[in-house]
Amino acid sequence: MGTAVNLAATYIFLPTHSPSITLPKQYNPICSSQKFSKISSYSKFKNPISVINASTASASTEKREVLLPLEVSEINEKCKKWVWKGYTINYFVYPGGNNDSSNPPLLLIHGFGASIAHWRRNIPTLAQSYTVYAIDLLGFGASDKPAGFAYSMEVWAEMILDFLDEIVQRPAILMGNSVGSLACVIAAAESTRTLVRGLVLLNCAGGMNNKAIVDDWRIKLLLPLLWFVDFLLKQKGIASYLFDRVRQRDSLRNILSSVYGNKDNVDEGLVDIIKKPAEDEGALDAFVSIVTGPPGPNPMQLIPKINLPVLVLWGDQDPFTPIDGPVGKYFSSLPSRLPNVNLFLLEGVGHCPHDDRPDLVHENLLPWLANLPAS
């Protein structure tokens, strides 16, 4: 779900969400999208920013078998448990039949309000060549939601690194969406071990909540409302009432529709994926802690410390982290300054590209993975 956790909360006060943002030409340094397939290594990209749409991806997509999403019931049945610092963490591993053991494993990290099942459209395709792990962050999905816990980006990053160390036990590619992306960035920047081989960032968040992005005019306009929401959420009775409204099916469907470009993928299954964990004991505490807590480190501070290959995929119709906002502008500037970073803009795609348009994500992700330098 969304980067703008506070904005999700304010949905209950607003008749509609912010409109999707159109990419201004001055922030759209486009190169030929055909250049990608001719590159043998990430380090050879000179200006790897491309705009990808359905027609760009169609030729390769026709050649690749389109696999059906995993059923949520199958994911739930095959999930495993890992005890981390006394908390039970839910995770999933999907080895696939044709995995090459020389390929690095992938670890998928969901965004706010989501869970392992948010990757149901991606796991079958990725598992054709890679061992795929996915995890429910503490406070989400089927992982524990401890009462009164102080959630932070740093806690999730530490959890990711410990999971790599204890469960995966091999250097892995971290792939995250929204706050999951930011958790991956923090983990990679803080790791003193060779646990991370690369990063795939899907509409990376600027912080755990919008307190980190005060120089965006959109946030400035809403800042008084955001602080008012913080105040209300610290009142237990009010917080419970507001959270009950947010997690209603109609509210969730409207929020999801506002952040997806492909409305066909906002189905009842997706609503269930978001709604069911929100009914758990401890979900309200997690929601309040994340919305009202400190935003944590921002990617602008951390990316320069990372020398690993980084693939950034960004939906250009994201109202939560728009490409012309501070975070989007920063990531747009990276390919011309850092040789290890490649960025692709996905036309007509919203905040959750992997579920919104998985075909466009796979079209750019799989060649990048295949061309990673050998460890």
# chains A, B, ... in the order shown; residues from 1 in each chain; ligands from 1
$ closest_atom_pairs --of "segment 143-216 of chain A" --to "segment 305-314 of chain A" --cutoff "8 Å" --atoms "only C-alpha atoms" --output "Markdown table"
| residue | atom | partner | partner_atom | distance |
| --- | --- | --- | --- | --- |
| A:Ala188 | CA | A:Ile306 | CA | 6.9 |
| A:Ala189 | CA | A:Ile306 | CA | 5.8 |
| A:Arg197 | CA | A:Leu308 | CA | 6.6 |
| A:Gly198 | CA | A:Pro309 | CA | 5.0 |
| A:Leu199 | CA | A:Val310 | CA | 4.7 |
| A:Val200 | CA | A:Leu311 | CA | 4.8 |
| A:Leu201 | CA | A:Val312 | CA | 4.8 |
| A:Leu202 | CA | A:Leu313 | CA | 5.0 |
| A:Asn203 | CA | A:Trp314 | CA | 4.9 |
$ select_by_dssp --residues "segment 121-342 of chain A" --states "strand (DSSP E or B)" --output "list of chain:residue names"
A:Val132, A:Tyr133, A:Ala134, A:Ile135, A:Ala172, A:Ile173, A:Leu174, A:Met175, A:Gly176, A:Asn177, A:Val196, A:Arg197, A:Gly198, A:Leu199, A:Val200, A:Leu201, A:Leu202, A:Val310, A:Leu311, A:Val312, A:Leu313, A:Trp314, A:Gly315, A:Val341, A:Asn342
$ residues_around --residues "segment 172-178 of chain A" --least-positions-apart "2" --cutoff "8 Å" --atoms "only C-alpha atoms" --output "JSON, numbers by chain"
{"A": [1, 2, 3, 104, 105, 106, 107, 108, 109, 110, 111, 112, 164, 168, 170, 180, 181, 182, 183, 184, 195, 196, 197, 198, 199, 200, 201, 202, 203, 204, 205, 351, 352]}
$ write_last_selection --atoms "N, CA, C and O atoms" --output "CSV table (one decimal), in the first residue's frame"
chain,number,residue,atom,x,y,z
A,1,MET,N,0.8,-1.2,0.0
A,1,MET,CA,0.0,0.0,0.0
A,1,MET,C,0.9,1.2,0.0
A,1,MET,O,2.0,1.2,-0.3
A,2,GLY,N,0.3,2.4,0.4
A,2,GLY,CA,0.8,3.6,0.1
A,2,GLY,C,2.0,4.1,0.9
A,2,GLY,O,2.1,3.8,2.1
A,3,THR,N,2.8,4.9,0.3
A,3,THR,CA,3.9,5.6,1.0
A,3,THR,C,3.3,6.6,2.0
A,3,THR,O,3.7,6.7,3.1
A,104,PRO,N,21.0,-15.6,-7.5
A,104,PRO,CA,20.7,-15.2,-6.1
A,104,PRO,C,19.3,-15.3,-5.8
A,104,PRO,O,18.4,-15.1,-6.6
A,105,PRO,N,18.9,-15.6,-4.5
A,105,PRO,CA,17.5,-15.6,-4.1
A,105,PRO,C,17.0,-14.2,-4.1
A,105,PRO,O,17.7,-13.2,-4.0
A,106,LEU,N,15.7,-14.1,-4.2
A,106,LEU,CA,15.0,-12.8,-4.1
A,106,LEU,C,14.2,-12.7,-2.8
A,106,LEU,O,13.6,-13.7,-2.4
A,107,LEU,N,14.2,-11.6,-2.1
A,107,LEU,CA,13.4,-11.4,-0.9
A,107,LEU,C,12.5,-10.2,-1.2
A,107,LEU,O,12.9,-9.1,-1.4
A,108,LEU,N,11.2,-10.5,-1.1
A,108,LEU,CA,10.1,-9.5,-1.5
A,108,LEU,C,9.6,-8.8,-0.2
A,108,LEU,O,9.2,-9.6,0.7
A,109,ILE,N,9.5,-7.5,-0.1
A,109,ILE,CA,9.1,-6.8,1.0
A,109,ILE,C,7.9,-5.9,0.6
A,109,ILE,O,8.1,-5.0,-0.2
A,110,HIS,N,6.8,-6.1,1.2
A,110,HIS,CA,5.5,-5.4,0.9
A,110,HIS,C,5.6,-4.0,1.4
A,110,HIS,O,6.4,-3.6,2.2
A,111,GLY,N,4.5,-3.2,1.1
A,111,GLY,CA,4.4,-1.9,1.6
A,111,GLY,C,3.4,-1.8,2.7
A,111,GLY,O,2.9,-2.8,3.2
A,112,PHE,N,3.0,-0.5,3.0
A,112,PHE,CA,2.1,-0.3,4.2
A,112,PHE,C,0.7,-0.9,3.9
A,112,PHE,O,0.1,-0.8,2.9
A,164,LEU,N,17.7,-12.6,6.4
A,164,LEU,CA,18.7,-13.0,5.4
A,164,LEU,C,19.8,-13.9,6.0
A,164,LEU,O,20.2,-14.9,5.5
A,168,VAL,N,17.5,-17.2,4.9
A,168,VAL,CA,18.0,-17.3,3.5
A,168,VAL,C,19.4,-17.8,3.4
A,168,VAL,O,19.7,-18.7,2.6
A,170,ARG,N,22.1,-16.8,2.2
A,170,ARG,CA,22.8,-16.5,1.0
A,170,ARG,C,22.6,-15.0,0.6
A,170,ARG,O,21.5,-14.5,1.0
A,180,GLY,N,8.3,-0.7,2.1
A,180,GLY,CA,9.1,-1.9,1.9
A,180,GLY,C,10.4,-1.6,1.2
A,180,GLY,O,11.5,-2.1,1.5
A,181,SER,N,10.3,-0.7,0.1
A,181,SER,CA,11.5,-0.3,-0.6
A,181,SER,C,12.5,0.4,0.3
A,181,SER,O,13.7,0.2,0.3
A,182,LEU,N,11.9,1.3,1.1
A,182,LEU,CA,12.8,2.1,2.0
A,182,LEU,C,13.4,1.2,3.1
A,182,LEU,O,14.6,1.4,3.4
A,183,ALA,N,12.7,0.2,3.6
A,183,ALA,CA,13.3,-0.7,4.5
A,183,ALA,C,14.5,-1.5,3.8
A,183,ALA,O,15.5,-1.7,4.5
A,184,CYS,N,14.3,-1.8,2.6
A,184,CYS,CA,15.4,-2.5,1.8
A,184,CYS,C,16.6,-1.6,1.7
A,184,CYS,O,17.8,-2.0,1.8
A,195,LEU,N,25.3,-9.6,2.7
A,195,LEU,CA,24.0,-10.2,2.7
A,195,LEU,C,23.1,-9.8,1.5
A,195,LEU,O,22.2,-10.5,1.2
A,196,VAL,N,23.4,-8.6,1.0
A,196,VAL,CA,22.6,-8.0,-0.1
A,196,VAL,C,23.4,-7.9,-1.4
A,196,VAL,O,24.5,-7.4,-1.4
A,197,ARG,N,22.8,-8.5,-2.5
A,197,ARG,CA,23.4,-8.4,-3.8
A,197,ARG,C,23.0,-7.3,-4.6
A,197,ARG,O,23.7,-6.8,-5.6
A,198,GLY,N,21.8,-6.8,-4.4
A,198,GLY,CA,21.2,-5.7,-5.2
A,198,GLY,C,19.9,-5.3,-4.6
A,198,GLY,O,19.3,-5.9,-3.8
A,199,LEU,N,19.4,-4.2,-5.2
A,199,LEU,CA,18.1,-3.6,-4.7
A,199,LEU,C,17.2,-3.4,-5.9
A,199,LEU,O,17.6,-2.9,-7.0
A,200,VAL,N,15.9,-3.7,-5.8
A,200,VAL,CA,14.8,-3.4,-6.7
A,200,VAL,C,13.8,-2.6,-5.9
A,200,VAL,O,13.2,-3.1,-5.0
A,201,LEU,N,13.6,-1.3,-6.3
A,201,LEU,CA,12.8,-0.4,-5.6
A,201,LEU,C,11.6,0.0,-6.4
A,201,LEU,O,11.8,0.6,-7.5
A,202,LEU,N,10.4,-0.2,-5.9
A,202,LEU,CA,9.2,0.1,-6.6
A,202,LEU,C,8.5,1.3,-5.9
A,202,LEU,O,8.0,1.1,-4.8
A,203,ASN,N,8.5,2.4,-6.5
A,203,ASN,CA,7.9,3.6,-5.9
A,203,ASN,C,8.3,3.8,-4.5
A,203,ASN,O,7.5,3.7,-3.6
A,204,CYS,N,9.6,4.0,-4.3
A,204,CYS,CA,10.2,4.0,-2.9
A,204,CYS,C,9.6,5.1,-2.1
A,204,CYS,O,9.4,6.3,-2.6
A,205,ALA,N,9.4,4.8,-0.8
A,205,ALA,CA,8.8,5.8,0.1
A,205,ALA,C,9.9,6.8,0.5
A,205,ALA,O,11.1,6.5,0.5
A,351,HIS,N,0.9,3.4,-7.6
A,351,HIS,CA,1.9,3.3,-6.5
A,351,HIS,C,2.4,1.9,-6.2
A,351,HIS,O,3.4,1.7,-5.6
A,352,CYS,N,1.7,0.9,-6.7
A,352,CYS,CA,2.1,-0.5,-6.5
A,352,CYS,C,2.3,-1.2,-7.8
A,352,CYS,O,1.5,-2.0,-8.3
$ select_by_dssp --residues "segment 69-315 of chain A" --states "helix (DSSP H, G or I)" --output "NGL selection string"
:A and (72-78 or 116-119 or 123-126 or 153-168 or 179-190 or 210-212 or 217-233 or 236-246 or 249-259 or 263-265 or 268-278 or 283-292 or 299-305)
$ closest_residue --among "A:Ala374, A:Leu284, A:Leu345, A:Trp368" --to "Asp324 of chain A" --atoms "only C-alpha atoms"
A:Leu345
$ closest_residue --among "A:Phe140, A:Phe320, A:Tyr241, A:Phe331" --to "Glu281 of chain A" --atoms "only C-alpha atoms"
A:Phe140
$ closest_atom_pairs --of "segment 117-205 of chain A" --to "segment 84-96 of chain A" --cutoff "12 Å" --atoms "only C-alpha atoms" --output "Markdown table"
| residue | atom | partner | partner_atom | distance |
| --- | --- | --- | --- | --- |
| A:Ala117 | CA | A:Phe92 | CA | 9.5 |
| A:Trp119 | CA | A:Phe92 | CA | 10.7 |
| A:Arg120 | CA | A:Tyr94 | CA | 11.0 |
| A:Asn122 | CA | A:Tyr94 | CA | 11.2 |
| A:Ile123 | CA | A:Tyr94 | CA | 7.4 |
| A:Pro124 | CA | A:Gly96 | CA | 7.7 |
| A:Thr125 | CA | A:Gly96 | CA | 9.3 |
| A:Leu126 | CA | A:Gly96 | CA | 8.7 |
| A:Ala127 | CA | A:Gly96 | CA | 4.9 |
| A:Gln128 | CA | A:Gly96 | CA | 5.6 |
| A:Ser129 | CA | A:Gly96 | CA | 7.4 |
| A:Tyr130 | CA | A:Pro95 | CA | 6.9 |
| A:Thr131 | CA | A:Pro95 | CA | 4.4 |
| A:Val132 | CA | A:Tyr94 | CA | 5.2 |
| A:Tyr133 | CA | A:Val93 | CA | 4.4 |
| A:Ala134 | CA | A:Phe92 | CA | 5.2 |
| A:Ile135 | CA | A:Tyr91 | CA | 4.3 |
| A:Asp136 | CA | A:Asn90 | CA | 5.5 |
| A:Leu137 | CA | A:Ile89 | CA | 7.3 |
| A:Leu138 | CA | A:Ile89 | CA | 6.6 |
| A:Gly139 | CA | A:Ile89 | CA | 9.2 |
| A:Phe140 | CA | A:Asn90 | CA | 9.3 |
| A:Gly141 | CA | A:Asn90 | CA | 7.7 |
| A:Ala142 | CA | A:Asn90 | CA | 5.7 |
| A:Ser143 | CA | A:Ile89 | CA | 4.5 |
| A:Asp144 | CA | A:Thr88 | CA | 5.6 |
| A:Lys145 | CA | A:Tyr87 | CA | 8.6 |
| A:Pro146 | CA | A:Tyr87 | CA | 8.1 |
| A:Ala147 | CA | A:Tyr87 | CA | 11.7 |
| A:Phe149 | CA | A:Tyr87 | CA | 11.2 |
| A:Val155 | CA | A:Lys85 | CA | 11.0 |
| A:Trp156 | CA | A:Trp84 | CA | 11.2 |
| A:Glu158 | CA | A:Trp84 | CA | 10.3 |
| A:Met159 | CA | A:Trp84 | CA | 7.5 |
| A:Ile160 | CA | A:Trp84 | CA | 10.4 |
| A:Leu161 | CA | A:Trp84 | CA | 11.3 |
| A:Asp162 | CA | A:Trp84 | CA | 8.2 |
| A:Phe163 | CA | A:Trp84 | CA | 8.4 |
| A:Leu164 | CA | A:Tyr91 | CA | 11.9 |
| A:Asp165 | CA | A:Trp84 | CA | 11.8 |
| A:Glu166 | CA | A:Trp84 | CA | 9.7 |
| A:Ile167 | CA | A:Tyr91 | CA | 9.9 |
| A:Val168 | CA | A:Val93 | CA | 9.5 |
$ closest_residue --among "A:Ser333, A:Asn364, A:Thr194, A:Gln248" --to "Met300 of chain A" --atoms "only C-alpha atoms"
A:Ser333
$ atom_distance --atom1 "atom CA of Ala283 of chain A" --atom2 "atom CA of Lys263 of chain A"
26.7 Å
$ closest_residue --among "A:Glu74, A:Gly296, A:Ile186, A:Leu270" --to "Asn254 of chain A" --atoms "only C-alpha atoms"
A:Leu270
